[in-house]
Structure formats: structure tokens, C-alpha cells
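As C-alpha cells, the structure follows; a few thoughts come after it.
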Amino acid sequence: MTPDIILIRFGEHTIKGRNRSQFEKRMLQQVRGVLAPYRRAAITRSYGRIYVALNGEPYAAIAERLKDIFGIGSFSPVRRVENILETIQAASLDAMLSLSREPATFKVSVRRVEKSFPHDSQQMNQLVGAHVLRAMPRLKVNVREPEVELRVEIQPEGTYIFSEVVEAAGGYPFASNGKAMLLLSGGIDSPVAGYLSMRKGLEIEAVHFHSYPFTSEQAKEKVIELTRRLSHYSGAPIKLHLVSFTEIQTAFAQAKQDNLIITLMRRSMLRIAQMLAVQSDALGIVTGDSLGQVASQTLSSMNVIGRSAELPLLRPLIMMDKEDIIRIAKRIGTYETSILPFEDCCTLFLPKSPSTNPNLNVVSKVESFVPELEEMIAQAVSEVETLEISPDDKLGAQAAGDDDWF
């Protein structure tokens with residue numbers, strides 16, 4: 001079957017009650033933005049659905065884009081025909097014959113909205129089903145658990161026929177639930193945390209800490225590429241804040257508290273991320289922490305580290321196994337970049353035996369012995385390099401604020 005319309009169904013935000021209209025409008029804006037290159041496609045909204053009339057635009061290319069849009073639960077390629085029984089029967093059979101493989105069972109579900117149509121829903125179920133069965137004798141009817149459900153909707157303007165349901169990203173529309181800062185290390189976990197946060201409707205800005213000249217230019221390019229991949233799912237540029245951490249990290253190394261250096265670094269990172277969040281009107285900080293995965297992610301360590309920030313700390317991966325995180329990273333296209341062997345600042349000065357049970361009073365005392373720590377943190381914030389990373393930017397990045405960015 002050659003579709004002429006795509007029927008889009010919404011994801012989680014349909015449960016939002018009074019806010020439903022707001023979410024649907026945001027969803028419509030996002031679909032229009034992503035499909036802007038397909039100028040002949042006409043996009044309309046009805047209650048709980050979006051329709052894309054292809055008008056000759058390629059279904060396969062548009063379907064690939066729709067799969068990655070947050071807020072879309074699923075979609076179906078649809079054929080619209082005239083409200084004539086024989087035409088509906090022929091198009092229904094065509095839909096079944098066009099499936100990638102012939103199913104063993106099916107059912108017909110007819111919804112008659114146009115009450116002037118001469119046959120009611122029950123009659124149409126039988127008339128359409130019998131027509132399909134005559135042409136496909138090996139097919140059986142199973143009304144409870146069919147492999148394929150052939151759906152026929154008889155509307156005043158025509159009859160919509162479809163049998164395929166394509167799963168999409170789901171969740172909430174991007175930027176519909178506020179903004180947060182993502183700590184993006186360059187490893188496997190933090191890009192996945194960013195993806196899951198955006199799936200829940202968060203707009204994100206990323207913060208990456210580097211220790212030039214100890215970390216390489218390739219490490220910076222790696223993080224830019226990860227941000228670019230995340231921006232593919234947002235459908236909009238994502239700001240990436242590059243923070244020089246060399247001075248702070250060196251100061252902690254000179255404090256001769258090797259077992260606490262990771263705890264000390266992460267507390268300062270959170271302070272910096274919070275200051276950047278306040279500047280950007282972000283209301284939370286997203287991390288890639290997974291409980292017990294490394295020394296800094298024991299419950300005791302996360303307690304001590306987390307007390308350095310007042311904003312909510314969002315940890316989408318907290319109860320996930322590493323295998324599950326890797327599976328998502330591969331699916332969203334960040335894994336191959338994440339495993340590139342370019343070190344970030346967290347791997348520098350890594351102690352042989354980092355503390356898994358740090359004491360908050362001891363950590364606070366060590367921080368008080370580091371001269372001008374607060375000044376160094378403020379300087380790191382003031383000297384941050386901010387880039388805007390676009391999914392369509394072949395060069396990867398451009399300084400935020402440049403007039404010709406778009």
C-alpha cells in the first residue's frame with residue numbers, strides 16, 4: 001500500500017489533563033520544525049492526533065525523522081479513499097498484501113464516524129474481512145490476539161485505512177517540562193542520561209570539564225560530537241559549556257588527599273554547573289550516575305557530593321545496569337563515539353584507592369585548606385566557552401551568540 005497520509009499518535013503527555021492542549025501545540029510545532037524540508041507535506045492537528053498529508057513527499061524519509069521525535073508514541077502510514085464500499089474493500093486488501101510478511105491471523109476494526117454511510121461498523125467488519133479472506137485463504141481471524149489489526153475509519157471526508165503501527169520515541173515533547181544542565185563527561189553514561197532527560201520533556205544545556213593541556217583536543221571534539229548527536233533528538237541546537245578545570249584539579253592534587261580527589265572534583269563541578277544553571281534559568285542538574293558503578297557513585301559518595309548543590313540532582317540511570325545503559329547508547333547512536341580512547345579530566349590524577357565512604361566533615365575541611373577555591377570556581381564560570389551544537393552543522397559547533405548561527 002502506498003500511503004498518502006501519516007497518522008501520528010501522542011505519547012505520555014496525553015495523560016496531562018488540563019495541560020494537554022499546551023503539550024499538543026508544542027508537539028505540533030516540533031513536527032513542523034523537523035519536517036520543514038518537506039515543503040509539500042501538510043500538517044494538521046485534531047484531538048489527540050496529528051495528520052501529515054504527504055502530497056508526494058517520500059514516506060520512508062519522513063518516517064525515519066518521526067521515529068526520533070520525543071512525544072510521538074507511534075504513527076501509521078494511512079491510505080485515504082472515497083466512502084464507497086468496493087473502494088474500501090480494495091484498499092483494505094492492498095494494505096494487507098503490502099505487509100512485509102503475510103501474518104497468520106488478523107482482525108478488522110471498523111469505526112464509522114460518517115453515520116450516513118449505508119453499512120454500520122459490524123456489517124463493515126464482516127464485509128471487509130470476508131473480502132480479505134477470499135484473497136488470502138491461509139489467513140485466519142483472531143479477534144483477541146491478532147498479529148495484525150486492520151483498521152478502517154469512515155469519516156465524512158473519506159475513509160482512512162491502515163494496519164501498520166510504528167513505535168516512536170514516546171515521552172514528552174522536547175522543552176515542555178523545563179530546563180536542566182547535563183554534566184557531559186564524554187563516557188557512555190552521561191549522553192544516555194541526557195537522552196532520557198530530553199525524552200521526559202527537559203530542555204538541556206551540557207557542561208563539560210576539561211583540563212587542557214592534560215586533556216587533548218580530540219577529547220573536546222568527542223564531546224562536541226556527542227552533543228551534536230543529542231541535538232538530533234532535540235531537533236534544536238544545544239548549548240555546550242566548556243569549563244577549564246585545570247587550576248582547580250591541580251589544586252586538589254596538591255592537597256595530598258588522593259583518596260578524596262574524585263569527591264572533591266565532583267563537588268566543585270556541581271558548584272560550577274549550578275552557577276551556570278542559574279545563569280541559564282535551568283532548574284535542575286542531570287548526571288549519569290548509576291548506583292554502585294564506580295567509587296563516586298556509592299550512596300555514601302553521592303550523598304557527600306550532592307550536598308554541594310542546592311538545585312535538584314536528576315539521575316535517570318540511577319538503578320540501571322551497565323548492560324542496559326550500553327544497549328540504549330547503541331540504539332541512540334552515542335556508543336561508538338563514547339568509547340573513543342580520548343581521556344577527560346575525570347581520568348586524570350585517578351587514585352589507586354578512591355574513597356567509597358567519604359566523610360562530609362573531612363571533605364569540607366580539606367576544601368577549606370585549598371587556597372582561593374571559591375575564586376577559582378568563579379573564574380572558571382566567568383571564562384566558560386559556550387558553543388551551540390546543531391544536528392545539521394557539519395563543522396560541529398559555533399560560538400553561541402554568532403549572528404549567522406541559524
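By convention here, the chains of the C-alpha cells are called A, B, ... in the order presented, each chain's residues are numbered starting at 1, and ligands are numbered starting at 1 in the order presented.
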
### Query
Any idea what's packed within 8 Å of Thr159 (chain A), counting only C-alpha atoms, ignoring anything in its chain fewer than 3 positions away? Could you give it as a PyMOL selection string?
chain A and resi 80-83+88+152-156

Output for the residues just chosen: all heavy atoms as an mmCIF file, in the first residue's frame:
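Writing the result to out-v7.cif gives the following:
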```cif
data_model
loop_
_atom_site.group_PDB
_atom_site.id
_atom_site.type_symbol
_atom_site.label_atom_id
_atom_site.label_comp_id
_atom_site.auth_asym_id
_atom_site.auth_seq_id
_atom_site.Cartn_x
_atom_site.Cartn_y
_atom_site.Cartn_z
ATOM 1 N N ARG A 80 -6.093 7.109 2.313
ATOM 2 C CA ARG A 80 -7.450 7.653 2.371
ATOM 3 C C ARG A 80 -8.132 7.436 1.031
ATOM 4 O O ARG A 80 -7.576 7.770 -0.014
ATOM 5 C CB ARG A 80 -7.447 9.147 2.705
ATOM 6 C CG ARG A 80 -8.856 9.701 2.938
ATOM 7 C CD ARG A 80 -8.838 11.115 3.452
ATOM 8 N NE ARG A 80 -8.448 12.062 2.423
ATOM 9 C CZ ARG A 80 -8.362 13.385 2.613
ATOM 10 N NH1 ARG A 80 -8.632 13.885 3.815
ATOM 11 N NH2 ARG A 80 -7.995 14.179 1.637
ATOM 12 N N VAL A 81 -9.357 6.874 1.093
ATOM 13 C CA VAL A 81 -10.106 6.585 -0.129
ATOM 14 C C VAL A 81 -11.530 7.133 0.019
ATOM 15 O O VAL A 81 -11.940 7.569 1.098
ATOM 16 C CB VAL A 81 -10.153 5.061 -0.411
ATOM 17 C CG1 VAL A 81 -8.752 4.504 -0.615
ATOM 18 C CG2 VAL A 81 -10.866 4.312 0.721
ATOM 19 N N GLU A 82 -12.260 7.067 -1.074
ATOM 20 C CA GLU A 82 -13.643 7.539 -1.044
ATOM 21 C C GLU A 82 -14.525 6.591 -0.222
ATOM 22 O O GLU A 82 -14.212 5.415 -0.057
ATOM 23 C CB GLU A 82 -14.187 7.635 -2.464
ATOM 24 C CG GLU A 82 -13.518 8.687 -3.328
ATOM 25 C CD GLU A 82 -14.152 8.772 -4.706
ATOM 26 O OE1 GLU A 82 -15.318 9.225 -4.788
ATOM 27 O OE2 GLU A 82 -13.491 8.365 -5.675
ATOM 28 N N ASN A 83 -15.621 7.147 0.274
ATOM 29 C CA ASN A 83 -16.547 6.352 1.085
ATOM 30 C C ASN A 83 -17.451 5.487 0.205
ATOM 31 O O ASN A 83 -18.678 5.645 0.158
ATOM 32 C CB ASN A 83 -17.403 7.270 1.965
ATOM 33 C CG ASN A 83 -16.577 7.926 3.066
ATOM 34 O OD1 ASN A 83 -15.481 7.482 3.362
ATOM 35 N ND2 ASN A 83 -17.116 8.969 3.668
ATOM 36 N N ILE A 88 -13.250 0.778 -0.493
ATOM 37 C CA ILE A 88 -12.732 0.475 0.846
ATOM 38 C C ILE A 88 -12.231 -0.965 0.902
ATOM 39 O O ILE A 88 -11.151 -1.248 1.455
ATOM 40 C CB ILE A 88 -13.823 0.728 1.907
ATOM 41 C CG1 ILE A 88 -14.175 2.217 1.967
ATOM 42 C CG2 ILE A 88 -13.363 0.226 3.274
ATOM 43 C CD1 ILE A 88 -15.396 2.518 2.817
ATOM 44 N N VAL A 152 -10.122 0.529 9.915
ATOM 45 C CA VAL A 152 -10.847 1.287 8.897
ATOM 46 C C VAL A 152 -11.674 2.349 9.613
ATOM 47 O O VAL A 152 -12.530 2.017 10.441
ATOM 48 C CB VAL A 152 -11.770 0.360 8.068
ATOM 49 C CG1 VAL A 152 -12.545 1.178 7.034
ATOM 50 C CG2 VAL A 152 -10.965 -0.747 7.390
ATOM 51 N N GLU A 153 -11.407 3.618 9.310
ATOM 52 C CA GLU A 153 -12.149 4.718 9.919
ATOM 53 C C GLU A 153 -12.903 5.469 8.828
ATOM 54 O O GLU A 153 -12.276 6.067 7.937
ATOM 55 C CB GLU A 153 -11.208 5.667 10.658
ATOM 56 C CG GLU A 153 -10.526 5.033 11.859
ATOM 57 C CD GLU A 153 -9.755 6.048 12.679
ATOM 58 O OE1 GLU A 153 -9.791 7.254 12.333
ATOM 59 O OE2 GLU A 153 -9.115 5.638 13.667
ATOM 60 N N ILE A 154 -14.216 5.425 8.912
ATOM 61 C CA ILE A 154 -15.061 6.070 7.905
ATOM 62 C C ILE A 154 -15.431 7.461 8.412
ATOM 63 O O ILE A 154 -16.273 7.599 9.319
ATOM 64 C CB ILE A 154 -16.313 5.226 7.614
ATOM 65 C CG1 ILE A 154 -15.903 3.809 7.208
ATOM 66 C CG2 ILE A 154 -17.159 5.877 6.521
ATOM 67 C CD1 ILE A 154 -17.073 2.843 7.090
ATOM 68 N N GLN A 155 -14.793 8.469 7.859
ATOM 69 C CA GLN A 155 -15.005 9.859 8.245
ATOM 70 C C GLN A 155 -15.800 10.575 7.154
ATOM 71 O O GLN A 155 -15.904 10.076 6.024
ATOM 72 C CB GLN A 155 -13.653 10.560 8.455
ATOM 73 C CG GLN A 155 -12.747 9.917 9.489
ATOM 74 C CD GLN A 155 -13.109 10.300 10.919
ATOM 75 O OE1 GLN A 155 -14.019 11.111 11.140
ATOM 76 N NE2 GLN A 155 -12.412 9.716 11.888
ATOM 77 N N PRO A 156 -16.354 11.755 7.446
ATOM 78 C CA PRO A 156 -17.121 12.481 6.416
ATOM 79 C C PRO A 156 -16.312 12.779 5.160
ATOM 80 O O PRO A 156 -16.833 12.729 4.042
ATOM 81 C CB PRO A 156 -17.528 13.770 7.136
ATOM 82 C CG PRO A 156 -17.559 13.406 8.574
ATOM 83 C CD PRO A 156 -16.452 12.416 8.759
#
```

### Query
Counting only C-alpha atoms, what is within 8 Å of region 323-330 of chain A, bar same-chain residues fewer than 3 positions away, as a list in words?
Ile188, Asp189, Pro191, Val192, Leu317, Met320, Gly333, Thr334, Tyr335 and Glu336 of chain A

### Sel. of helix (DSSP H, G or I) residues, region 20-215 of chain A, as a ChimeraX atom specification
/A:20-34,59-66,85-97,121-135,189-199

Show me a table, sorted first by chain and then by increasing residue number, of the residues of region 74-124 of chain A having an atom at most 9 Å from region 161-180 of chain A, each with its shortest atom pair and the distance in Å to one decimal, counting only C-alpha atoms and written as JSON lines.
```
{"residue": "A:Ser74", "atom": "CA", "partner": "A:Glu167", "partner_atom": "CA", "distance": 4.4}
{"residue": "A:Phe75", "atom": "CA", "partner": "A:Val166", "partner_atom": "CA", "distance": 5.3}
{"residue": "A:Ser76", "atom": "CA", "partner": "A:Val165", "partner_atom": "CA", "distance": 4.9}
{"residue": "A:Pro77", "atom": "CA", "partner": "A:Phe162", "partner_atom": "CA", "distance": 6.4}
{"residue": "A:Val78", "atom": "CA", "partner": "A:Phe162", "partner_atom": "CA", "distance": 4.9}
{"residue": "A:Arg79", "atom": "CA", "partner": "A:Ile161", "partner_atom": "CA", "distance": 5.3}
{"residue": "A:Arg80", "atom": "CA", "partner": "A:Ile161", "partner_atom": "CA", "distance": 6.4}
{"residue": "A:Val81", "atom": "CA", "partner": "A:Ile161", "partner_atom": "CA", "distance": 8.0}
{"residue": "A:Ile88", "atom": "CA", "partner": "A:Ile161", "partner_atom": "CA", "distance": 7.9}
{"residue": "A:Ala91", "atom": "CA", "partner": "A:Ile161", "partner_atom": "CA", "distance": 7.3}
{"residue": "A:Ser92", "atom": "CA", "partner": "A:Ile161", "partner_atom": "CA", "distance": 6.5}
{"residue": "A:Ala95", "atom": "CA", "partner": "A:Phe162", "partner_atom": "CA", "distance": 6.6}
{"residue": "A:Met96", "atom": "CA", "partner": "A:Ser163", "partner_atom": "CA", "distance": 7.3}
{"residue": "A:Leu99", "atom": "CA", "partner": "A:Glu164", "partner_atom": "CA", "distance": 7.9}
```

Could you please take those selected residues and save N, CA and C atoms as a PDB file, in the first residue's frame?
```
ATOM      1  N   SER A  74       3.479   6.642  18.612  1.00  0.00           N
ATOM      2  CA  SER A  74       3.522   5.774  17.438  1.00  0.00           C
ATOM      3  C   SER A  74       2.904   6.514  16.263  1.00  0.00           C
ATOM      4  N   PHE A  75       3.078   5.951  15.071  1.00  0.00           N
ATOM      5  CA  PHE A  75       2.428   6.517  13.896  1.00  0.00           C
ATOM      6  C   PHE A  75       2.127   5.396  12.916  1.00  0.00           C
ATOM      7  N   SER A  76       1.259   5.688  11.974  1.00  0.00           N
ATOM      8  CA  SER A  76       0.849   4.692  10.987  1.00  0.00           C
ATOM      9  C   SER A  76       0.785   5.305   9.602  1.00  0.00           C
ATOM     10  N   PRO A  77       1.291   4.595   8.590  1.00  0.00           N
ATOM     11  CA  PRO A  77       1.053   5.019   7.207  1.00  0.00           C
ATOM     12  C   PRO A  77      -0.402   4.724   6.837  1.00  0.00           C
ATOM     13  N   VAL A  78      -1.085   5.707   6.293  1.00  0.00           N
ATOM     14  CA  VAL A  78      -2.531   5.612   6.071  1.00  0.00           C
ATOM     15  C   VAL A  78      -2.856   5.892   4.611  1.00  0.00           C
ATOM     16  N   ARG A  79      -3.829   5.176   4.109  1.00  0.00           N
ATOM     17  CA  ARG A  79      -4.379   5.450   2.783  1.00  0.00           C
ATOM     18  C   ARG A  79      -5.789   6.003   2.960  1.00  0.00           C
ATOM     19  N   ARG A  80      -6.093   7.109   2.313  1.00  0.00           N
ATOM     20  CA  ARG A  80      -7.450   7.653   2.371  1.00  0.00           C
ATOM     21  C   ARG A  80      -8.132   7.436   1.031  1.00  0.00           C
ATOM     22  N   VAL A  81      -9.357   6.874   1.093  1.00  0.00           N
ATOM     23  CA  VAL A  81     -10.106   6.585  -0.129  1.00  0.00           C
ATOM     24  C   VAL A  81     -11.530   7.133   0.019  1.00  0.00           C
ATOM     25  N   ILE A  88     -13.250   0.778  -0.493  1.00  0.00           N
ATOM     26  CA  ILE A  88     -12.732   0.475   0.846  1.00  0.00           C
ATOM     27  C   ILE A  88     -12.231  -0.965   0.902  1.00  0.00           C
ATOM     28  N   ALA A  91      -8.872  -1.240  -1.063  1.00  0.00           N
ATOM     29  CA  ALA A  91      -7.755  -0.607  -0.349  1.00  0.00           C
ATOM     30  C   ALA A  91      -7.377  -1.405   0.896  1.00  0.00           C
ATOM     31  N   SER A  92      -8.343  -2.003   1.559  1.00  0.00           N
ATOM     32  CA  SER A  92      -8.068  -2.830   2.737  1.00  0.00           C
ATOM     33  C   SER A  92      -7.248  -4.064   2.356  1.00  0.00           C
ATOM     34  N   ALA A  95      -3.732  -3.047   1.684  1.00  0.00           N
ATOM     35  CA  ALA A  95      -2.979  -2.823   2.920  1.00  0.00           C
ATOM     36  C   ALA A  95      -2.455  -4.132   3.495  1.00  0.00           C
ATOM     37  N   MET A  96      -3.244  -5.190   3.434  1.00  0.00           N
ATOM     38  CA  MET A  96      -2.808  -6.477   3.955  1.00  0.00           C
ATOM     39  C   MET A  96      -1.743  -7.115   3.066  1.00  0.00           C
ATOM     40  N   LEU A  99       1.999  -5.787   3.535  1.00  0.00           N
ATOM     41  CA  LEU A  99       2.788  -6.047   4.738  1.00  0.00           C
ATOM     42  C   LEU A  99       4.089  -6.759   4.374  1.00  0.00           C
TER      43      LEU A  99
END
```

What are the closest atom pairs, with distances in Å to one decimal, for each residue of region 265-375 of chain A lying within 12 Å of region 199-209 of chain A, using only C-alpha atoms, rows by chain and rising residue number, as a tab-separated table?
```
residue	atom	partner	partner_atom	distance
A:Met265	CA	A:Phe209	CA	10.2
A:Arg266	CA	A:Phe209	CA	10.3
A:Ser268	CA	A:Phe209	CA	10.6
A:Met269	CA	A:Phe209	CA	7.7
A:Leu270	CA	A:Val207	CA	10.0
A:Arg271	CA	A:Val207	CA	11.8
A:Ile272	CA	A:Val207	CA	9.1
A:Ala273	CA	A:Val207	CA	6.8
A:Gln274	CA	A:Val207	CA	10.3
A:Met275	CA	A:Val207	CA	11.2
A:Leu276	CA	A:Val207	CA	8.6
A:Ala277	CA	A:Glu205	CA	8.5
A:Val278	CA	A:Glu205	CA	11.9
A:Gln279	CA	A:Glu205	CA	11.4
A:Ser280	CA	A:Glu205	CA	8.6
A:Asp281	CA	A:Glu205	CA	10.6
A:Ala282	CA	A:Ile204	CA	8.3
A:Leu283	CA	A:Leu202	CA	10.1
A:Gly284	CA	A:Ile204	CA	9.6
A:Ile285	CA	A:Ile204	CA	9.2
A:Val286	CA	A:Ile204	CA	8.6
A:Thr287	CA	A:Ala206	CA	10.3
A:Leu314	CA	A:Leu202	CA	11.0
A:Pro316	CA	A:Lys200	CA	10.0
A:Ile332	CA	A:Arg199	CA	11.9
A:Glu343	CA	A:Phe209	CA	11.4
A:Asp344	CA	A:Phe209	CA	7.7
A:Cys345	CA	A:Phe209	CA	6.6
A:Cys346	CA	A:Phe209	CA	8.5
A:Thr347	CA	A:Phe209	CA	11.5
A:Leu348	CA	A:Phe209	CA	11.8
```
